[in-house]
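Chemist: Take this structure first; my questions come after.
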Amino acid sequence: MLKTRVIPTLLMREVNLVKGPAFDSWRAVGAPMQSVKVFNRRDVDEMVLLDIAATPAGRGPDIDMVATLAQECFVPLTVGGGITKLDQIRQLLLAGADKMSINSAAYSDPGLVTAASDAYGAQCIVAAIDYRTHADGRRECYTRCGTEGTGRDPVEWAKELERLGAGEIQATSIERDSLMEGYDLRTITDIAAAVSIPVIASGGAGNYLHMEEAVRAGASAVSAASIYLFTQATPLEAKAHLAAAGIPVRSHFHG
Amino acid sequence: MTVLIVDYGMGNIASARRAIEECGGRALVSDDPAAIKVADRIVVPGVGAFPQAMARLREASWVDALRAAVHDDGLPLLGICLGMQLLTDESDEVSKTQGLGLIPGRIERIVPADAAERVPHVGWNEVCHRGGALFDGIPSGADFYFVHSFRFVPASEDAILATTPYAGKTVSAVGAGRVAGVQFHPEKSSRAGFRLLKNFLAL
């Protein structure tokens, strides 16, 4: 049986600002490298690495940094932030990334999702949706790291992304993100019902019960960042909780 | 132990190389079939679509070279994910395309058995194997990482080394002689994957 994935997400911001000459680049990747090594040693199911400053700064992904981090990652690695071109995807694959997270570029250039999916397979393309729920209950997708409204409904956009060729949807509730008060179960339910590709719940996990709720709502995977940074929670414990709740999780091989 | 990683411009080459090195092999990434001469093992990685992959392999003259390496030189060859699917004779993915013809069978799109199953098949799933050198020391049912929308249906049951419970039953490893293919990603399957790669190096 396919296992529910527990995915730590590493968010990086303004890495480039502290990045010096090439020999000094470890300083820039120092903190994320520590995280990658720890999560790799703990044998997590998968990792997501998002460079959240790339798009607002108008730059592409930092290929060298991804190559450095990927050296220490022996589980699947999804990379996102600033991806706008097919050639960047090719370079990231060569650098050791396994999947690409495409967010802002999908709105301005939907053809990129299709071209990338045709060239590298749908399984390589994770379409990320950041959305807010307005006071009247209306939901709206936001682009450029949550700064610009698009007028699009996240459920409709998820269907469109699937049609364009995305292999997974990572849906993040902007206002719940970092609050650790639980995922947006309503939207997870709606998107999981609307598409036939896997849905990764994102934004709001504060405890293991929240993860269980997201899986029951239809998520194939639960991603989280804050909970692993600011609490004692670990992906391994999260999986133990899910297993105890009757949700299949990956067994670890110690041979 | 030199492991040639076939670079036809579509693989997750870096992951495969790192994992081979971590398992004690010397990884040689090459886009030139002449490199087969110095290889002890061949790995065909792959992420992407079947027709494009075969077109690139043909352009770079890999097809006959790989067949000769297996049939004439008896080199062990491991296909990973798309690299496993390329071992077959023919695929209907996007358009009808000839494969490497090393293990007869066909490629079909995964059809979910129920609404809860999604395509692509993404994540960790059980690999139930029937023993053999490739799975030495790995319990049947160990979890490996999968990410694919198409699957290999071998012409003969004899070629099936392992299956995985998804969309009914999905063939997750095939083998014939010195040629093997795995649908999952050993290079991304942490310790279980390393064990399998070490087994391949020890064949």
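Just so we're on the same page: first chain in the structure tokens is A, next is B, and so on; residues restart at 1 for each chain, and ligands are numbered from 1 in the order they show up.
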Apply DSSP to the backbone of this structure and, from chain B, keep only the residues in strand (DSSP E); write these as a ChimeraX atom specification.
Modeler: /B:2-6,26-30,41-44,77-80,90-91,97-98,105-109,121-129,142-148,150-154,160-164,170-176,179-182
Chemist: Residues of chain B near chain A: apply a cut-off of 8 Å, count only C-alpha atoms, and supply the list as a PyMOL selection string.
Modeler: chain B and resi 10-15+18-19+47-49+52+118-120+122-126+137-138+142-143+145+147-149+164-166+187-192+195
Chemist: Could the residues in this selection be saved with N, CA and C atoms as an mmCIF file, in the first residue's frame?
Modeler:
```
data_model
loop_
_atom_site.group_PDB
_atom_site.id
_atom_site.type_symbol
_atom_site.label_atom_id
_atom_site.label_comp_id
_atom_site.auth_asym_id
_atom_site.auth_seq_id
_atom_site.Cartn_x
_atom_site.Cartn_y
_atom_site.Cartn_z
ATOM 1 N N MET B 10 18.482 13.253 -19.924
ATOM 2 C CA MET B 10 17.173 13.271 -19.283
ATOM 3 C C MET B 10 17.163 12.665 -17.889
ATOM 4 N N GLY B 11 18.292 12.226 -17.420
ATOM 5 C CA GLY B 11 18.269 11.528 -16.140
ATOM 6 C C GLY B 11 18.456 12.452 -14.955
ATOM 7 N N ASN B 12 18.166 11.908 -13.772
ATOM 8 C CA ASN B 12 18.553 12.589 -12.538
ATOM 9 C C ASN B 12 19.972 12.085 -12.231
ATOM 10 N N ILE B 13 20.883 12.523 -13.116
ATOM 11 C CA ILE B 13 22.237 11.983 -13.143
ATOM 12 C C ILE B 13 22.962 12.167 -11.817
ATOM 13 N N ALA B 14 22.832 13.352 -11.238
ATOM 14 C CA ALA B 14 23.594 13.658 -10.027
ATOM 15 C C ALA B 14 23.203 12.714 -8.894
ATOM 16 N N SER B 15 21.916 12.446 -8.760
ATOM 17 C CA SER B 15 21.458 11.557 -7.688
ATOM 18 C C SER B 15 22.021 10.155 -7.876
ATOM 19 N N ARG B 18 25.863 10.132 -7.131
ATOM 20 C CA ARG B 18 26.168 10.228 -5.700
ATOM 21 C C ARG B 18 25.895 8.905 -4.989
ATOM 22 N N ALA B 19 24.768 8.298 -5.332
ATOM 23 C CA ALA B 19 24.393 7.057 -4.654
ATOM 24 C C ALA B 19 25.374 5.933 -5.005
ATOM 25 N N VAL B 47 14.346 10.104 -16.078
ATOM 26 C CA VAL B 47 13.162 10.818 -15.639
ATOM 27 C C VAL B 47 12.618 11.412 -16.911
ATOM 28 N N GLY B 48 11.346 11.221 -17.201
ATOM 29 C CA GLY B 48 10.822 11.865 -18.387
ATOM 30 C C GLY B 48 9.971 10.952 -19.234
ATOM 31 N N ALA B 49 9.866 11.316 -20.480
ATOM 32 C CA ALA B 49 8.946 10.632 -21.381
ATOM 33 C C ALA B 49 9.709 9.658 -22.282
ATOM 34 N N GLN B 52 10.957 10.643 -26.106
ATOM 35 C CA GLN B 52 12.098 11.553 -26.133
ATOM 36 C C GLN B 52 13.370 10.842 -25.688
ATOM 37 N N ARG B 118 -4.137 7.532 -6.781
ATOM 38 C CA ARG B 118 -3.876 8.647 -7.669
ATOM 39 C C ARG B 118 -2.767 8.311 -8.648
ATOM 40 N N VAL B 119 -2.755 9.042 -9.749
ATOM 41 C CA VAL B 119 -1.695 8.902 -10.743
ATOM 42 C C VAL B 119 -1.147 10.297 -11.004
ATOM 43 N N PRO B 120 0.179 10.510 -10.955
ATOM 44 C CA PRO B 120 1.246 9.525 -10.752
ATOM 45 C C PRO B 120 1.194 8.809 -9.390
ATOM 46 N N VAL B 122 3.089 8.289 -6.521
ATOM 47 C CA VAL B 122 4.188 9.021 -5.897
ATOM 48 C C VAL B 122 4.313 8.623 -4.440
ATOM 49 N N GLY B 123 5.498 8.222 -4.052
ATOM 50 C CA GLY B 123 5.757 7.989 -2.633
ATOM 51 C C GLY B 123 6.352 6.623 -2.368
ATOM 52 N N TRP B 124 6.358 6.265 -1.075
ATOM 53 C CA TRP B 124 6.985 5.019 -0.640
ATOM 54 C C TRP B 124 5.959 3.899 -0.670
ATOM 55 N N ASN B 125 6.348 2.795 -1.269
ATOM 56 C CA ASN B 125 5.434 1.662 -1.337
ATOM 57 C C ASN B 125 6.232 0.365 -1.229
ATOM 58 N N GLU B 126 5.502 -0.687 -0.894
ATOM 59 C CA GLU B 126 6.156 -1.973 -0.642
ATOM 60 C C GLU B 126 6.640 -2.641 -1.926
ATOM 61 N N GLY B 137 19.374 -9.576 1.340
ATOM 62 C CA GLY B 137 19.409 -8.820 2.595
ATOM 63 C C GLY B 137 18.280 -7.828 2.765
ATOM 64 N N ILE B 138 17.411 -7.718 1.775
ATOM 65 C CA ILE B 138 16.281 -6.781 1.853
ATOM 66 C C ILE B 138 14.998 -7.584 2.068
ATOM 67 N N ALA B 142 9.756 -4.402 1.901
ATOM 68 C CA ALA B 142 10.444 -3.154 2.285
ATOM 69 C C ALA B 142 9.943 -2.015 1.396
ATOM 70 N N ASP B 143 9.909 -0.811 1.959
ATOM 71 C CA ASP B 143 9.416 0.346 1.211
ATOM 72 C C ASP B 143 10.521 1.000 0.384
ATOM 73 N N TYR B 145 11.036 4.222 -2.858
ATOM 74 C CA TYR B 145 10.390 5.440 -3.359
ATOM 75 C C TYR B 145 10.042 5.326 -4.848
ATOM 76 N N VAL B 147 7.968 7.150 -8.255
ATOM 77 C CA VAL B 147 7.305 8.313 -8.834
ATOM 78 C C VAL B 147 7.175 8.053 -10.340
ATOM 79 N N HIS B 148 5.986 7.632 -10.755
ATOM 80 C CA HIS B 148 5.772 7.280 -12.165
ATOM 81 C C HIS B 148 4.284 7.220 -12.504
ATOM 82 N N SER B 149 3.994 7.423 -13.787
ATOM 83 C CA SER B 149 2.619 7.374 -14.280
ATOM 84 C C SER B 149 2.383 6.172 -15.188
ATOM 85 N N THR B 164 4.437 -4.554 -6.634
ATOM 86 C CA THR B 164 4.056 -3.568 -5.622
ATOM 87 C C THR B 164 2.543 -3.409 -5.649
ATOM 88 N N PRO B 165 1.914 -3.422 -4.460
ATOM 89 C CA PRO B 165 0.459 -3.311 -4.426
ATOM 90 C C PRO B 165 -0.017 -1.903 -4.741
ATOM 91 N N TYR B 166 -0.229 -1.612 -5.999
ATOM 92 C CA TYR B 166 -0.799 -0.323 -6.417
ATOM 93 C C TYR B 166 -1.526 -0.537 -7.728
ATOM 94 N N GLU B 187 18.264 5.129 -5.747
ATOM 95 C CA GLU B 187 19.166 6.240 -5.386
ATOM 96 C C GLU B 187 18.472 7.248 -4.487
ATOM 97 N N LYS B 188 17.144 7.123 -4.355
ATOM 98 C CA LYS B 188 16.397 8.042 -3.499
ATOM 99 C C LYS B 188 15.630 7.282 -2.430
ATOM 100 N N SER B 189 15.999 6.031 -2.234
ATOM 101 C CA SER B 189 15.288 5.198 -1.264
ATOM 102 C C SER B 189 16.135 4.932 -0.029
ATOM 103 N N SER B 190 16.991 5.889 0.273
ATOM 104 C CA SER B 190 17.740 5.841 1.522
ATOM 105 C C SER B 190 18.439 4.489 1.703
ATOM 106 N N ARG B 191 18.362 3.914 2.882
ATOM 107 C CA ARG B 191 19.181 2.729 3.181
ATOM 108 C C ARG B 191 18.786 1.487 2.380
ATOM 109 N N ALA B 192 17.498 1.310 2.165
ATOM 110 C CA ALA B 192 17.056 0.147 1.386
ATOM 111 C C ALA B 192 17.592 0.254 -0.045
ATOM 112 N N ARG B 195 21.254 -0.590 -0.229
ATOM 113 C CA ARG B 195 21.497 -2.036 -0.162
ATOM 114 C C ARG B 195 21.305 -2.658 -1.547
#
```
Chemist: If you run DSSP on the backbone here, which positions in region 93-179 of chain B get helix (DSSP H, G or I)? Please write them as a PyMOL selection string.
Modeler: chain B and resi 133-135+157-159
Chemist: Pull C-alpha atoms from the residues just selected and write them as an mmCIF file, in the first residue's frame.
Modeler:
```
data_model
loop_
_atom_site.group_PDB
_atom_site.id
_atom_site.type_symbol
_atom_site.label_atom_id
_atom_site.label_comp_id
_atom_site.auth_asym_id
_atom_site.auth_seq_id
_atom_site.Cartn_x
_atom_site.Cartn_y
_atom_site.Cartn_z
ATOM 1 C CA ALA B 133 20.804 -11.476 -5.760
ATOM 2 C CA LEU B 134 19.449 -7.969 -6.360
ATOM 3 C CA PHE B 135 17.301 -8.144 -3.221
ATOM 4 C CA GLU B 157 5.896 -13.817 -15.809
ATOM 5 C CA ASP B 158 9.436 -15.153 -15.541
ATOM 6 C CA ALA B 159 10.815 -11.634 -15.956
#
```
Chemist: Just want the 9 Å neighbourhood of Arg67 (chain B), counted on only C-alpha atoms, with same-chain residues fewer than 3 positions away dropped. Output as a list in words.
Modeler: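 Using only C-alpha atoms, the neighbours found are Trp62, Val63, Asp64, Val70, His71, Asp72, Leu100, Gly101 and Leu102 of chain B.
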Chemist: Kindly assemble as a Markdown table a list of the region 71-140 of chain B residues that lie within 12 Å of region 24-37 of chain B, each paired with its nearest atom pair and their distance in Å to one decimal, using only C-alpha atoms, sorted first by chain and then by ascending residue number.
Modeler:
```
| residue | atom | partner | partner_atom | distance |
| --- | --- | --- | --- | --- |
| B:Asp73 | CA | B:Lys37 | CA | 9.5 |
| B:Gly74 | CA | B:Ile36 | CA | 11.6 |
| B:Leu75 | CA | B:Ile36 | CA | 9.1 |
| B:Pro76 | CA | B:Ile36 | CA | 11.5 |
| B:Leu77 | CA | B:Ile36 | CA | 11.1 |
```
Chemist: Restricting the calculation to only C-alpha atoms: of B:Asp7, B:Asp136, B:Glu108, B:Glu117, which residue gets closest to Ala53 (chain B)?
Modeler: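 Checking each of B:Asp7, B:Asp136, B:Glu108, B:Glu117 against Ala53 (chain B), counting only C-alpha atoms, the winner is B:Asp7.
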Chemist: I want to know what sits within 12 Å of Ala127 (chain A), based on only C-alpha atoms, with residues of the same chain fewer than 5 positions away left out; could you give that as a PyMOL selection string?
Modeler: chain A and resi 78-81+83+99-107+110+112-114+116-117+122+154+157-172+197-200
Chemist: Any chance you could export the current selection's N, CA and C atoms as a compact mmCIF listing (two decimals), in the first residue's frame?
Modeler:
```
# COMPACT_ATOMS: atom_id res chain seq x y z
N THR A 78 12.55 18.00 -3.56
CA THR A 78 11.81 18.93 -4.40
C THR A 78 12.39 20.32 -4.19
N VAL A 79 12.61 21.03 -5.29
CA VAL A 79 13.21 22.35 -5.21
C VAL A 79 12.28 23.37 -5.85
N GLY A 80 12.14 24.52 -5.20
CA GLY A 80 11.28 25.57 -5.77
C GLY A 80 11.81 26.95 -5.48
N GLY A 81 11.25 27.92 -6.18
CA GLY A 81 11.64 29.31 -6.00
C GLY A 81 12.34 29.85 -7.24
N ILE A 83 11.73 29.42 -10.46
CA ILE A 83 11.81 28.62 -11.68
C ILE A 83 10.86 29.21 -12.73
N LYS A 99 12.33 16.77 -8.07
CA LYS A 99 11.06 17.36 -8.50
C LYS A 99 11.16 18.87 -8.42
N MET A 100 10.40 19.53 -9.28
CA MET A 100 10.40 20.99 -9.33
C MET A 100 9.09 21.54 -8.81
N SER A 101 9.19 22.52 -7.94
CA SER A 101 7.99 23.18 -7.46
C SER A 101 7.81 24.46 -8.25
N ILE A 102 6.71 24.54 -8.99
CA ILE A 102 6.45 25.72 -9.82
C ILE A 102 5.24 26.45 -9.25
N ASN A 103 5.39 27.74 -9.04
CA ASN A 103 4.31 28.50 -8.42
C ASN A 103 3.98 29.73 -9.28
N SER A 104 4.69 30.83 -9.05
CA SER A 104 4.37 32.09 -9.75
C SER A 104 4.40 31.96 -11.26
N ALA A 105 5.39 31.25 -11.79
CA ALA A 105 5.55 31.16 -13.24
C ALA A 105 4.35 30.49 -13.91
N ALA A 106 3.64 29.63 -13.16
CA ALA A 106 2.50 28.94 -13.75
C ALA A 106 1.39 29.91 -14.14
N TYR A 107 1.26 31.05 -13.40
CA TYR A 107 0.22 32.03 -13.72
C TYR A 107 0.60 32.83 -14.97
N PRO A 110 1.58 29.55 -18.25
CA PRO A 110 1.05 28.19 -18.01
C PRO A 110 1.70 27.16 -18.93
N LEU A 112 4.68 26.72 -19.45
CA LEU A 112 5.87 26.16 -18.82
C LEU A 112 5.55 24.83 -18.14
N VAL A 113 4.40 24.78 -17.49
CA VAL A 113 4.00 23.55 -16.79
C VAL A 113 3.87 22.41 -17.80
N THR A 114 3.23 22.71 -18.92
CA THR A 114 3.03 21.69 -19.95
C THR A 114 4.35 21.28 -20.59
N ALA A 116 7.34 21.50 -19.35
CA ALA A 116 8.17 20.78 -18.38
C ALA A 116 7.64 19.36 -18.18
N SER A 117 6.35 19.23 -18.15
CA SER A 117 5.72 17.93 -17.96
C SER A 117 5.99 17.03 -19.17
N ALA A 122 5.25 14.19 -15.90
CA ALA A 122 4.38 14.88 -14.94
C ALA A 122 4.87 14.67 -13.52
N PRO A 154 -8.50 28.68 -5.88
CA PRO A 154 -7.48 27.61 -5.79
C PRO A 154 -7.96 26.24 -6.27
N TRP A 157 -8.01 26.44 -10.02
CA TRP A 157 -6.62 26.52 -10.50
C TRP A 157 -5.93 25.16 -10.38
N ALA A 158 -6.24 24.42 -9.32
CA ALA A 158 -5.66 23.08 -9.17
C ALA A 158 -6.08 22.18 -10.33
N LYS A 159 -7.36 22.28 -10.71
CA LYS A 159 -7.85 21.47 -11.85
C LYS A 159 -7.13 21.87 -13.13
N GLU A 160 -6.95 23.17 -13.29
CA GLU A 160 -6.26 23.67 -14.49
C GLU A 160 -4.80 23.19 -14.51
N LEU A 161 -4.14 23.22 -13.35
CA LEU A 161 -2.74 22.79 -13.27
C LEU A 161 -2.61 21.30 -13.59
N GLU A 162 -3.59 20.53 -13.13
CA GLU A 162 -3.58 19.10 -13.47
C GLU A 162 -3.71 18.93 -14.98
N ARG A 163 -4.63 19.70 -15.56
CA ARG A 163 -4.84 19.61 -17.01
C ARG A 163 -3.57 20.03 -17.76
N LEU A 164 -2.86 21.02 -17.22
CA LEU A 164 -1.64 21.50 -17.87
C LEU A 164 -0.50 20.49 -17.79
N GLY A 165 -0.60 19.55 -16.83
CA GLY A 165 0.45 18.53 -16.77
C GLY A 165 1.14 18.37 -15.43
N ALA A 166 0.67 19.07 -14.40
CA ALA A 166 1.31 18.93 -13.08
C ALA A 166 1.12 17.51 -12.55
N GLY A 167 2.10 17.04 -11.79
CA GLY A 167 2.04 15.69 -11.24
C GLY A 167 1.59 15.65 -9.78
N GLU A 168 1.73 16.77 -9.09
CA GLU A 168 1.27 16.90 -7.71
C GLU A 168 0.86 18.34 -7.47
N ILE A 169 -0.01 18.52 -6.47
CA ILE A 169 -0.41 19.87 -6.07
C ILE A 169 0.02 20.07 -4.62
N GLN A 170 0.78 21.12 -4.36
CA GLN A 170 1.07 21.48 -2.97
C GLN A 170 0.29 22.76 -2.68
N ALA A 171 -0.73 22.65 -1.84
CA ALA A 171 -1.60 23.78 -1.57
C ALA A 171 -1.29 24.36 -0.20
N THR A 172 -0.94 25.64 -0.18
CA THR A 172 -0.56 26.29 1.08
C THR A 172 -1.53 27.42 1.42
N ILE A 197 -4.54 13.79 -9.13
CA ILE A 197 -3.12 13.71 -8.78
C ILE A 197 -2.96 13.91 -7.27
N PRO A 198 -1.81 13.50 -6.70
CA PRO A 198 -1.65 13.63 -5.25
C PRO A 198 -1.66 15.10 -4.79
N VAL A 199 -2.21 15.30 -3.60
CA VAL A 199 -2.27 16.63 -3.00
C VAL A 199 -1.43 16.65 -1.73
N ILE A 200 -0.54 17.63 -1.63
CA ILE A 200 0.31 17.80 -0.45
C ILE A 200 -0.27 18.93 0.38
```
Chemist: Give me, as a PyMOL selection string, all polymer residues having an atom no more than 7 Å from Thr9 (chain A), counting only C-alpha atoms and skipping those fewer than 3 positions away in the same chain.
Modeler: chain A and resi 47-49+223-225
Chemist: For Arg109 (chain B), find every residue with an atom within 7 Å (counting only C-alpha atoms), except residues of its own chain fewer than 2 positions away, and show them as a VMD selection string.
Modeler: chain B and resid 107 111 149 to 151
Chemist: So, counting only C-alpha atoms, which residue among B:Cys23, B:Val182, B:Val3, B:Ala116 is closest to Leu86 (chain B)?
Modeler: B:Val182
Chemist: Would you compute the distance between CA of Phe146 (chain B) and CA of Ser172 (chain B)? Give it in Å to one decimal.
Modeler: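 For CA of Phe146 (chain B) relative to CA of Ser172 (chain B), the distance reads 9.1 Å.
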Chemist: Go ahead and compute the interatomic distance for CA of Ala57 (chain A) and CA of Ala201 (chain A), in Å to one decimal.
Modeler: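 CA of Ala201 (chain A) lies at a distance of 26.4 Å from CA of Ala57 (chain A).
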Chemist: Tell me, in Å to one decimal, how far CA of Leu4 (chain B) is from CA of Ala16 (chain B).
Modeler: 10.5 Å
Chemist: I want to know what sits within 6 Å of Ile80 (chain B), based on only C-alpha atoms, with residues of the same chain fewer than 2 positions away left out; could you give that as a PyMOL selection string?
Modeler: chain B and resi 45+83-84+181-182
Chemist: Mind dumping the selected residues with N, CA and C atoms as a CSV table (one decimal), in the first residue's frame?
Modeler:
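Result file follows (part-v4.csv):
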```csv
chain,number,residue,atom,x,y,z
B,45,PRO,N,19.7,5.6,-16.0
B,45,PRO,CA,18.7,6.3,-15.1
B,45,PRO,C,17.6,6.8,-16.0
B,83,GLY,N,14.4,4.4,-17.0
B,83,GLY,CA,15.4,3.5,-17.5
B,83,GLY,C,15.0,2.0,-17.5
B,84,MET,N,14.2,1.6,-16.6
B,84,MET,CA,13.6,0.3,-16.6
B,84,MET,C,12.6,0.1,-17.7
B,181,GLY,N,15.7,-4.2,-14.1
B,181,GLY,CA,15.2,-2.9,-14.1
B,181,GLY,C,14.3,-2.7,-12.9
B,182,VAL,N,14.4,-1.6,-12.2
B,182,VAL,CA,13.5,-1.3,-11.1
B,182,VAL,C,12.7,0.0,-11.3
```
